[in-house]
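Asks: This is my_file20.cif (mmCIF, C-alpha atoms and all ligand atoms).
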data_final
loop_
_atom_site.group_PDB
_atom_site.id
_atom_site.type_symbol
_atom_site.label_atom_id
_atom_site.label_comp_id
_atom_site.auth_asym_id
_atom_site.auth_seq_id
_atom_site.Cartn_x
_atom_site.Cartn_y
_atom_site.Cartn_z
ATOM 1 C CA MET A 1 -4.282 11.434 10.338
ATOM 2 C CA THR A 2 -3.960 9.594 7.024
ATOM 3 C CA LEU A 3 -2.913 11.641 4.009
ATOM 4 C CA ILE A 4 -2.801 9.850 0.661
ATOM 5 C CA ALA A 5 -1.395 11.417 -2.526
ATOM 6 C CA VAL A 6 -2.360 9.922 -5.888
ATOM 7 C CA ASP A 7 -0.724 11.312 -9.034
ATOM 8 C CA GLY A 8 -0.456 10.254 -12.639
ATOM 9 C CA PRO A 9 -1.009 11.204 -16.270
ATOM 10 C CA ALA A 10 -4.363 11.713 -17.974
ATOM 11 C CA ALA A 11 -6.772 8.758 -17.945
ATOM 12 C CA SER A 12 -4.379 6.527 -16.006
ATOM 13 C CA GLY A 13 -7.151 5.601 -13.581
ATOM 14 C CA LYS A 14 -5.783 7.674 -10.708
ATOM 15 C CA GLY A 15 -9.232 9.127 -9.998
ATOM 16 C CA THR A 16 -10.760 5.657 -9.720
ATOM 17 C CA VAL A 17 -8.028 4.456 -7.339
ATOM 18 C CA ALA A 18 -8.299 7.647 -5.281
ATOM 19 C CA THR A 19 -12.093 7.296 -5.039
ATOM 20 C CA ARG A 20 -11.830 3.671 -3.917
ATOM 21 C CA LEU A 21 -9.071 4.403 -1.399
ATOM 22 C CA ALA A 22 -11.120 7.281 0.020
ATOM 23 C CA ARG A 23 -14.151 5.043 0.409
ATOM 24 C CA TRP A 24 -12.173 2.216 1.979
ATOM 25 C CA PHE A 25 -10.261 4.413 4.430
ATOM 26 C CA GLN A 26 -13.355 6.632 4.923
ATOM 27 C CA LEU A 27 -11.492 9.805 4.065
ATOM 28 C CA PRO A 28 -12.634 12.912 2.146
ATOM 29 C CA HIS A 29 -11.389 13.001 -1.444
ATOM 30 C CA LEU A 30 -10.481 15.927 -3.685
ATOM 31 C CA ASP A 31 -9.973 15.484 -7.441
ATOM 32 C CA THR A 32 -7.662 18.479 -7.941
ATOM 33 C CA GLY A 33 -8.032 18.291 -11.719
ATOM 34 C CA LEU A 34 -11.489 19.775 -11.201
ATOM 35 C CA LEU A 35 -9.951 23.004 -9.887
ATOM 36 C CA TYR A 36 -7.868 23.462 -13.035
ATOM 37 C CA ARG A 37 -10.819 22.461 -15.217
ATOM 38 C CA ALA A 38 -13.064 25.027 -13.503
ATOM 39 C CA VAL A 39 -10.491 27.810 -13.886
ATOM 40 C CA GLY A 40 -9.797 26.790 -17.495
ATOM 41 C CA ILE A 41 -13.385 26.854 -18.708
ATOM 42 C CA ARG A 42 -14.253 30.034 -16.795
ATOM 43 C CA ALA A 43 -11.244 31.891 -18.161
ATOM 44 C CA GLN A 44 -12.144 30.711 -21.668
ATOM 45 C CA ALA A 45 -15.881 31.474 -21.437
ATOM 46 C CA ASP A 46 -15.382 34.956 -19.953
ATOM 47 C CA CYS A 47 -12.216 35.764 -21.973
ATOM 48 C CA ALA A 48 -10.748 36.506 -18.545
ATOM 49 C CA ASP A 49 -7.214 36.321 -17.241
ATOM 50 C CA ALA A 50 -6.698 32.817 -15.805
ATOM 51 C CA VAL A 51 -4.722 34.149 -12.837
ATOM 52 C CA ASP A 52 -7.596 36.496 -11.884
ATOM 53 C CA VAL A 53 -10.066 33.612 -12.197
ATOM 54 C CA ALA A 54 -7.883 31.305 -10.064
ATOM 55 C CA SER A 55 -7.474 34.040 -7.428
ATOM 56 C CA ALA A 56 -11.279 34.243 -7.119
ATOM 57 C CA PHE A 57 -11.721 30.441 -6.970
ATOM 58 C CA GLN A 58 -14.869 29.134 -5.213
ATOM 59 C CA LEU A 59 -15.525 25.498 -4.272
ATOM 60 C CA GLU A 60 -19.090 25.825 -5.711
ATOM 61 C CA TRP A 61 -17.528 26.019 -9.184
ATOM 62 C CA LEU A 62 -16.802 22.294 -8.928
ATOM 63 C CA GLU A 63 -20.497 21.401 -9.204
ATOM 64 C CA ASP A 64 -20.621 21.902 -12.951
ATOM 65 C CA ASP A 65 -21.205 19.081 -15.460
ATOM 66 C CA ALA A 66 -19.218 20.980 -18.082
ATOM 67 C CA LEU A 67 -16.061 20.147 -16.103
ATOM 68 C CA ARG A 68 -16.246 16.569 -17.379
ATOM 69 C CA SER A 69 -15.776 17.472 -21.041
ATOM 70 C CA ASP A 70 -12.554 16.993 -22.983
ATOM 71 C CA ALA A 71 -12.604 20.699 -23.814
ATOM 72 C CA ALA A 72 -12.389 21.388 -20.076
ATOM 73 C CA ALA A 73 -9.428 18.995 -19.781
ATOM 74 C CA GLN A 74 -7.555 20.823 -22.544
ATOM 75 C CA ALA A 75 -8.348 24.214 -21.002
ATOM 76 C CA ALA A 76 -7.159 22.866 -17.617
ATOM 77 C CA SER A 77 -3.873 21.701 -19.032
ATOM 78 C CA LYS A 78 -3.237 25.162 -20.527
ATOM 79 C CA VAL A 79 -3.974 27.152 -17.352
ATOM 80 C CA GLY A 80 -2.162 24.498 -15.280
ATOM 81 C CA ALA A 81 1.078 25.490 -17.002
ATOM 82 C CA ILE A 82 0.834 29.044 -15.600
ATOM 83 C CA PRO A 83 2.827 29.256 -12.312
ATOM 84 C CA ALA A 84 0.627 32.033 -10.849
ATOM 85 C CA VAL A 85 -2.504 29.927 -11.440
ATOM 86 C CA ARG A 86 -0.897 27.022 -9.569
ATOM 87 C CA ALA A 87 0.128 29.372 -6.761
ATOM 88 C CA ALA A 88 -3.434 30.725 -6.481
ATOM 89 C CA LEU A 89 -4.853 27.188 -6.187
ATOM 90 C CA LEU A 90 -2.257 25.998 -3.668
ATOM 91 C CA HIS A 91 -4.055 27.217 -0.574
ATOM 92 C CA VAL A 92 -7.382 25.482 -1.257
ATOM 93 C CA GLN A 93 -5.587 22.169 -1.897
ATOM 94 C CA ARG A 94 -3.351 22.462 1.187
ATOM 95 C CA THR A 95 -6.395 23.338 3.309
ATOM 96 C CA PHE A 96 -8.174 20.211 2.063
ATOM 97 C CA ALA A 97 -5.041 18.131 2.723
ATOM 98 C CA ALA A 98 -5.027 19.443 6.303
ATOM 99 C CA THR A 99 -8.525 18.053 7.042
ATOM 100 C CA PRO A 100 -8.420 16.614 10.580
ATOM 101 C CA GLY A 101 -8.250 12.830 10.261
ATOM 102 C CA GLY A 102 -6.712 13.022 6.798
ATOM 103 C CA ALA A 103 -7.668 13.086 3.122
ATOM 104 C CA VAL A 104 -7.047 11.639 -0.321
ATOM 105 C CA LEU A 105 -6.041 14.052 -3.092
ATOM 106 C CA ASP A 106 -5.428 13.105 -6.704
ATOM 107 C CA GLY A 107 -3.736 15.141 -9.409
ATOM 108 C CA ARG A 108 -0.331 15.768 -10.941
ATOM 109 C CA ASP A 109 1.758 17.337 -8.167
ATOM 110 C CA ILE A 110 0.169 16.110 -4.933
ATOM 111 C CA GLY A 111 3.134 14.018 -3.774
ATOM 112 C CA THR A 112 5.727 16.498 -5.013
ATOM 113 C CA VAL A 113 4.271 19.957 -4.203
ATOM 114 C CA ILE A 114 0.880 19.963 -2.457
ATOM 115 C CA ALA A 115 1.473 17.276 0.163
ATOM 116 C CA PRO A 116 5.146 16.251 0.174
ATOM 117 C CA ALA A 117 4.695 14.878 3.713
ATOM 118 C CA ALA A 118 1.832 12.543 2.695
ATOM 119 C CA ASP A 119 1.812 9.172 4.474
ATOM 120 C CA ALA A 120 1.529 7.270 1.196
ATOM 121 C CA LYS A 121 2.186 8.407 -2.377
ATOM 122 C CA LEU A 122 1.078 6.563 -5.470
ATOM 123 C CA PHE A 123 1.896 7.340 -9.087
ATOM 124 C CA ILE A 124 -0.616 5.602 -11.349
ATOM 125 C CA ASP A 125 0.609 5.128 -14.919
ATOM 126 C CA ALA A 126 -0.225 3.171 -18.089
ATOM 127 C CA THR A 127 0.856 3.310 -21.727
ATOM 128 C CA VAL A 128 -0.718 6.116 -23.741
ATOM 129 C CA ASP A 129 -2.593 3.590 -25.929
ATOM 130 C CA VAL A 130 -4.162 1.898 -22.916
ATOM 131 C CA ARG A 131 -5.077 5.248 -21.383
ATOM 132 C CA ALA A 132 -6.636 6.464 -24.633
ATOM 133 C CA ALA A 133 -8.653 3.234 -24.921
ATOM 134 C CA ARG A 134 -9.921 3.671 -21.340
ATOM 135 C CA ARG A 135 -10.894 7.327 -21.852
ATOM 136 C CA HIS A 136 -12.553 6.502 -25.202
ATOM 137 C CA ALA A 137 -14.620 3.700 -23.598
ATOM 138 C CA ASP A 138 -15.522 5.994 -20.711
ATOM 139 C CA LEU A 139 -16.786 8.743 -23.049
ATOM 140 C CA ILE A 140 -18.789 6.275 -25.163
ATOM 141 C CA GLY A 141 -20.187 4.740 -21.964
ATOM 142 C CA ARG A 142 -21.413 8.157 -20.903
ATOM 143 C CA GLY A 143 -23.199 8.559 -24.236
ATOM 144 C CA LEU A 144 -20.725 11.166 -25.537
ATOM 145 C CA ALA A 145 -19.215 11.319 -29.025
ATOM 146 C CA SER A 146 -15.628 10.070 -29.147
ATOM 147 C CA ARG A 147 -13.035 9.108 -31.766
ATOM 148 C CA PHE A 148 -10.120 6.971 -30.527
ATOM 149 C CA GLU A 149 -7.523 8.768 -32.709
ATOM 150 C CA GLN A 150 -8.684 12.130 -31.397
ATOM 151 C CA VAL A 151 -8.541 10.965 -27.767
ATOM 152 C CA LEU A 152 -5.042 9.554 -28.324
ATOM 153 C CA ALA A 153 -3.828 12.823 -29.854
ATOM 154 C CA ASP A 154 -5.413 14.837 -27.040
ATOM 155 C CA LEU A 155 -3.767 12.745 -24.318
ATOM 156 C CA GLY A 156 -0.398 12.901 -26.067
ATOM 157 C CA GLU A 157 -0.619 16.675 -26.283
ATOM 158 C CA ARG A 158 -1.618 17.066 -22.626
ATOM 159 C CA ASP A 159 1.033 14.582 -21.434
ATOM 160 C CA ALA A 160 3.718 16.538 -23.258
ATOM 161 C CA ARG A 161 2.528 19.854 -21.797
ATOM 162 C CA ASP A 162 2.134 18.458 -18.258
ATOM 163 C CA ARG A 163 5.591 16.854 -18.298
ATOM 164 C CA ALA A 164 7.448 19.752 -19.906
ATOM 165 C CA ARG A 165 6.163 22.645 -17.795
ATOM 166 C CA THR A 166 8.707 24.206 -15.453
ATOM 167 C CA THR A 167 6.396 24.583 -12.431
ATOM 168 C CA ALA A 168 5.226 21.319 -10.852
ATOM 169 C CA PRO A 169 5.814 19.089 -13.889
ATOM 170 C CA LEU A 170 4.182 15.671 -13.921
ATOM 171 C CA THR A 171 6.751 13.373 -12.327
ATOM 172 C CA PRO A 172 6.604 10.746 -9.556
ATOM 173 C CA ALA A 173 7.732 11.800 -6.079
ATOM 174 C CA ARG A 174 10.941 10.020 -5.077
ATOM 175 C CA ASP A 175 9.099 7.988 -2.435
ATOM 176 C CA ALA A 176 6.024 7.186 -4.560
ATOM 177 C CA LEU A 177 4.961 3.689 -5.548
ATOM 178 C CA VAL A 178 4.922 3.823 -9.361
ATOM 179 C CA LEU A 179 2.245 1.456 -10.598
ATOM 180 C CA ASP A 180 2.026 0.584 -14.299
ATOM 181 C CA THR A 181 -1.626 -0.392 -14.656
ATOM 182 C CA SER A 182 -1.499 -1.234 -18.385
ATOM 183 C CA ARG A 183 -2.164 -4.929 -17.700
ATOM 184 C CA LEU A 184 -4.142 -4.585 -14.465
ATOM 185 C CA ASP A 185 -7.871 -4.196 -13.933
ATOM 186 C CA VAL A 186 -9.436 -1.776 -11.441
ATOM 187 C CA ASP A 187 -9.685 -4.355 -8.627
ATOM 188 C CA GLN A 188 -6.055 -5.393 -9.043
ATOM 189 C CA VAL A 189 -4.860 -1.778 -8.983
ATOM 190 C CA PHE A 190 -6.947 -1.053 -5.906
ATOM 191 C CA GLY A 191 -5.619 -4.181 -4.177
ATOM 192 C CA VAL A 192 -1.995 -3.163 -4.707
ATOM 193 C CA ALA A 193 -2.691 0.470 -3.754
ATOM 194 C CA ARG A 194 -4.557 -0.477 -0.566
ATOM 195 C CA ALA A 195 -1.828 -2.909 0.510
ATOM 196 C CA PHE A 196 0.813 -0.226 -0.088
ATOM 197 C CA VAL A 197 -1.065 2.392 1.951
ATOM 198 C CA LEU A 198 -1.678 -0.066 4.804
ATOM 199 C CA ALA A 199 2.001 -1.012 4.845
ATOM 200 C CA LYS A 200 2.987 2.665 4.934
ATOM 201 C CA LEU A 201 0.593 3.231 7.847
ATOM 202 C CA GLY A 202 1.795 0.126 9.651
ATOM 203 C CA ARG A 203 -1.795 -1.135 9.788
ATOM 204 C CA ALA A 204 -3.384 -4.482 9.046
ATOM 205 C CA GLU A 205 -6.343 -5.183 6.688
ATOM 206 C CA GLN A 206 -8.754 -5.861 9.549
ATOM 207 C CA ASP A 207 -8.043 -2.573 11.365
ATOM 208 C CA LEU A 208 -11.056 -0.296 11.467
ATOM 209 C CA PRO A 209 -10.927 2.867 9.331
ATOM 210 C CA LEU A 210 -10.007 5.968 11.320
ATOM 211 C CA ALA A 211 -12.080 8.827 9.937
ATOM 212 C CA GLY A 212 -15.058 9.754 7.774
ATOM 213 C CA GLY A 213 -15.822 12.463 5.197
ATOM 214 C CA ALA A 214 -17.184 13.695 1.882
ATOM 215 C CA SER A 215 -15.877 13.418 -1.634
ATOM 216 C CA ILE A 216 -15.221 16.119 -4.249
ATOM 217 C CA SER A 217 -14.619 14.136 -7.383
ATOM 218 C CA ARG A 218 -16.079 13.345 -10.769
HETATM 219 O O1 LIG B 1 -7.978 12.658 -15.732
HETATM 220 P P1 LIG B 1 -7.545 13.722 -16.656
HETATM 221 O O2 LIG B 1 -6.082 13.860 -16.754
HETATM 222 O O3 LIG B 1 -8.185 13.659 -18.016
HETATM 223 O O4 LIG B 1 -8.031 15.109 -16.088
HETATM 224 P P2 LIG B 1 -7.619 15.920 -14.812
HETATM 225 O O5 LIG B 1 -6.919 15.076 -13.801
HETATM 226 O O6 LIG B 1 -8.872 16.593 -14.412
HETATM 227 O O7 LIG B 1 -6.552 17.001 -15.316
HETATM 228 C C1 LIG B 1 -6.809 17.911 -16.355
HETATM 229 C C2 LIG B 1 -5.559 18.782 -16.551
HETATM 230 O O8 LIG B 1 -5.411 19.633 -15.396
HETATM 231 C C3 LIG B 1 -4.245 18.014 -16.647
HETATM 232 O O9 LIG B 1 -3.882 17.700 -17.974
HETATM 233 C C4 LIG B 1 -3.229 18.952 -15.994
HETATM 234 O O10 LIG B 1 -2.616 19.801 -16.933
HETATM 235 C C5 LIG B 1 -4.051 19.824 -15.051
HETATM 236 N N1 LIG B 1 -3.824 19.472 -13.644
HETATM 237 C C6 LIG B 1 -2.698 19.971 -13.009
HETATM 238 O O11 LIG B 1 -1.905 20.653 -13.630
HETATM 239 N N2 LIG B 1 -2.466 19.702 -11.697
HETATM 240 C C7 LIG B 1 -3.314 18.940 -10.989
HETATM 241 N N3 LIG B 1 -3.064 18.722 -9.691
HETATM 242 C C8 LIG B 1 -4.452 18.397 -11.612
HETATM 243 C C9 LIG B 1 -4.681 18.655 -12.958
#
Would you kindly transcribe this structure into structure tokens?

Replies:
Amino acid sequence: MTLIAVDGPAASGKGTVATRLARWFQLPHLDTGLLYRAVGIRAQADCADAVDVASAFQLEWLEDDALRSDAAAQAASKVGAIPAVRAALLHVQRTFAATPGGAVLDGRDIGTVIAPAADAKLFIDATVDVRAARRHADLIGRGLASRFEQVLADLGERDARDRARTTAPLTPARDALVLDTSRLDVDQVFGVARAFVLAKLGRAEQDLPLAGGASISR
């Protein structure tokens, strides 16, 4: 059983690290931001109560391209501040975390709330300017319209909301490795993260992975 928690602010690269860790350790991966995105856009589109939407959550909702938009991220951040929405989405995340053999989950409160007993906890951070530049490049790379100033403002707004909320605010778990990735590339971040997880597990690089599984991520 290998449970890995990856948290961090918007566009810090936590999803990329989580995806690579999951592949390397052959574990299933859940990008928990997708849950909040799905609830956010459904509540908005149907003018429905976000708590009702979260209570009716279905995993199939995660197969929707609209979840990748910045509008979905903003909607997610708003519904994510509602304690009853978080409570409604707790069970699905804890169930995933209890997958036999283990799992990788990434989000905001994995190490603090969802999986406080995780074997290894990482908190992936970077300055807001670096994160905005990464998100901007990512959007342009996907052929979407993007303005750097707008992305920067959006991240700043979401950071403030995610950090200030009373339920499960964005903060590193006490036993998390906090990694400032502002000056590191993806391979360097993955190298540090992998070494940290292996050390936590008391395993060596050449040990064979323990389990296999699917990925629910962007
Ligand atoms: O990578 P990015 O931050 O842009 O998106 P995300 O991880 O999909 O998160 C979108 C929003 O969902 C965040 O700003 C949080 O407010 C919320 N969220 C949360 O509250 N708890 C989680 N475990 C994951 C996301």

Asks: For this structure, which residues satisfy the selection - the PyMOL selection byres (((not hetatm)) within 8 of (chain B and resi 1)) - when it is evaluated on the file as given? I want them as a count of residues only.

Replies: 43

Asks: How many Å separate CA of Val104 in chain A from CA of Leu201 in chain A?

Replies: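 Atom-to-atom, CA of Val104 in chain A to CA of Leu201 in chain A, that is 14.0 Å.
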
Asks: Restricting the calculation to only C-alpha atoms, which member of A:Phe196, A:Ile114, A:Val186, A:Asp119 is positioned closest to Arg134 in chain A?

Replies: A:Val186

Asks: Rounded to one decimal in Å, what is the spacing between CA of Pro100 in chain A and CA of Arg194 in chain A?

Replies: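 So the answer is 20.8 Å.
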
Asks: When distances are computed from all atoms listed in the file, which of A:Leu30, A:Ser182, A:Ala5, A:Glu149 shows the smallest separation from Ala115 in chain A?

Replies: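 Among the listed residues, A:Ala5 lies closest to Ala115 in chain A.
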
Asks: Tell me, as a PyMOL selection string, which residues lie within 8 Å of Phe190 in chain A, counting only C-alpha atoms; anything in the same chain fewer than 6 positions away does not count.

Replies: chain A and resi 17+20-21

Asks: Near Leu152 in chain A, within 8 Å and counting all atoms listed in the file, which residues show up once chain neighbours fewer than 2 positions away are dropped, as an MDAnalysis selection string?

Replies: chainID A and resid 128:129 132 148:150 154:156

Asks: When you draw a straight line from CA of Asp65 in chain A to CA of Leu139 in chain A, how long is it in Å?

Replies: 13.6 Å

Asks: Excluding Leu89 in chain A and any residue of its chain fewer than 6 positions from it, enumerate the residues within 8 Å of it, using all atoms listed in the file, and give them as number ranges by chain.

Replies: A: 35, 54-55, 57

Asks: So that I have them on file, write out the residues from the current selection with C-alpha atoms, as a PDB file, keeping the file's coordinate frame.

Replies:
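Contents of result-v5.pdb, freshly written:
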ATOM      1  CA  LEU A  35      -9.951  23.004  -9.887  1.00  0.00           C
ATOM      2  CA  ALA A  54      -7.883  31.305 -10.064  1.00  0.00           C
ATOM      3  CA  SER A  55      -7.474  34.040  -7.428  1.00  0.00           C
ATOM      4  CA  PHE A  57     -11.721  30.441  -6.970  1.00  0.00           C
TER       5      PHE A  57
END

Asks: Give as a PyMOL selection string every residue, naming chains and numbers as the document does, that has an atom within 10 Å of (-4.8, 7.2, 6.4), counting all atoms listed in the file.

Replies: chain A and resi 1-4+21-22+24-27+101-104+118-120+197-198+200-201+203+209-211

Asks: Produce a file of the selected residues containing C-alpha atoms, as a PDB file, in the frame of the given file.

Replies:
ATOM      1  CA  MET A   1      -4.282  11.434  10.338  1.00  0.00           C
ATOM      2  CA  THR A   2      -3.960   9.594   7.024  1.00  0.00           C
ATOM      3  CA  LEU A   3      -2.913  11.641   4.009  1.00  0.00           C
ATOM      4  CA  ILE A   4      -2.801   9.850   0.661  1.00  0.00           C
ATOM      5  CA  LEU A  21      -9.071   4.403  -1.399  1.00  0.00           C
ATOM      6  CA  ALA A  22     -11.120   7.281   0.020  1.00  0.00           C
ATOM      7  CA  TRP A  24     -12.173   2.216   1.979  1.00  0.00           C
ATOM      8  CA  PHE A  25     -10.261   4.413   4.430  1.00  0.00           C
ATOM      9  CA  GLN A  26     -13.355   6.632   4.923  1.00  0.00           C
ATOM     10  CA  LEU A  27     -11.492   9.805   4.065  1.00  0.00           C
ATOM     11  CA  GLY A 101      -8.250  12.830  10.261  1.00  0.00           C
ATOM     12  CA  GLY A 102      -6.712  13.022   6.798  1.00  0.00           C
ATOM     13  CA  ALA A 103      -7.668  13.086   3.122  1.00  0.00           C
ATOM     14  CA  VAL A 104      -7.047  11.639  -0.321  1.00  0.00           C
ATOM     15  CA  ALA A 118       1.832  12.543   2.695  1.00  0.00           C
ATOM     16  CA  ASP A 119       1.812   9.172   4.474  1.00  0.00           C
ATOM     17  CA  ALA A 120       1.529   7.270   1.196  1.00  0.00           C
ATOM     18  CA  VAL A 197      -1.065   2.392   1.951  1.00  0.00           C
ATOM     19  CA  LEU A 198      -1.678  -0.066   4.804  1.00  0.00           C
ATOM     20  CA  LYS A 200       2.987   2.665   4.934  1.00  0.00           C
ATOM     21  CA  LEU A 201       0.593   3.231   7.847  1.00  0.00           C
ATOM     22  CA  ARG A 203      -1.795  -1.135   9.788  1.00  0.00           C
ATOM     23  CA  PRO A 209     -10.927   2.867   9.331  1.00  0.00           C
ATOM     24  CA  LEU A 210     -10.007   5.968  11.320  1.00  0.00           C
ATOM     25  CA  ALA A 211     -12.080   8.827   9.937  1.00  0.00           C
TER      26      ALA A 211
END

Asks: If the PyMOL selection byres (((chain A and resi 50) around 8) and not hetatm) is run on the structure shown, which residues does it catch, given as number ranges by chain?

Replies: A: 39-40, 43, 48-49, 51-54, 79, 85

Asks: Using only C-alpha atoms, give me every residue within 8 Å of (-19.0, 19.0, -8.8) in file coordinates, as an MDAnalysis selection string.

Replies: chainID A and resid 34 60:65 67 216:218

Asks: Here is a test: counting all atoms listed in the file, which residue of A:Leu90, A:Ala164, A:Leu144, A:Val6 is nearest to Leu105 in chain A?

Replies: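 Answer, going by the shortest atom-to-atom distance: A:Val6.
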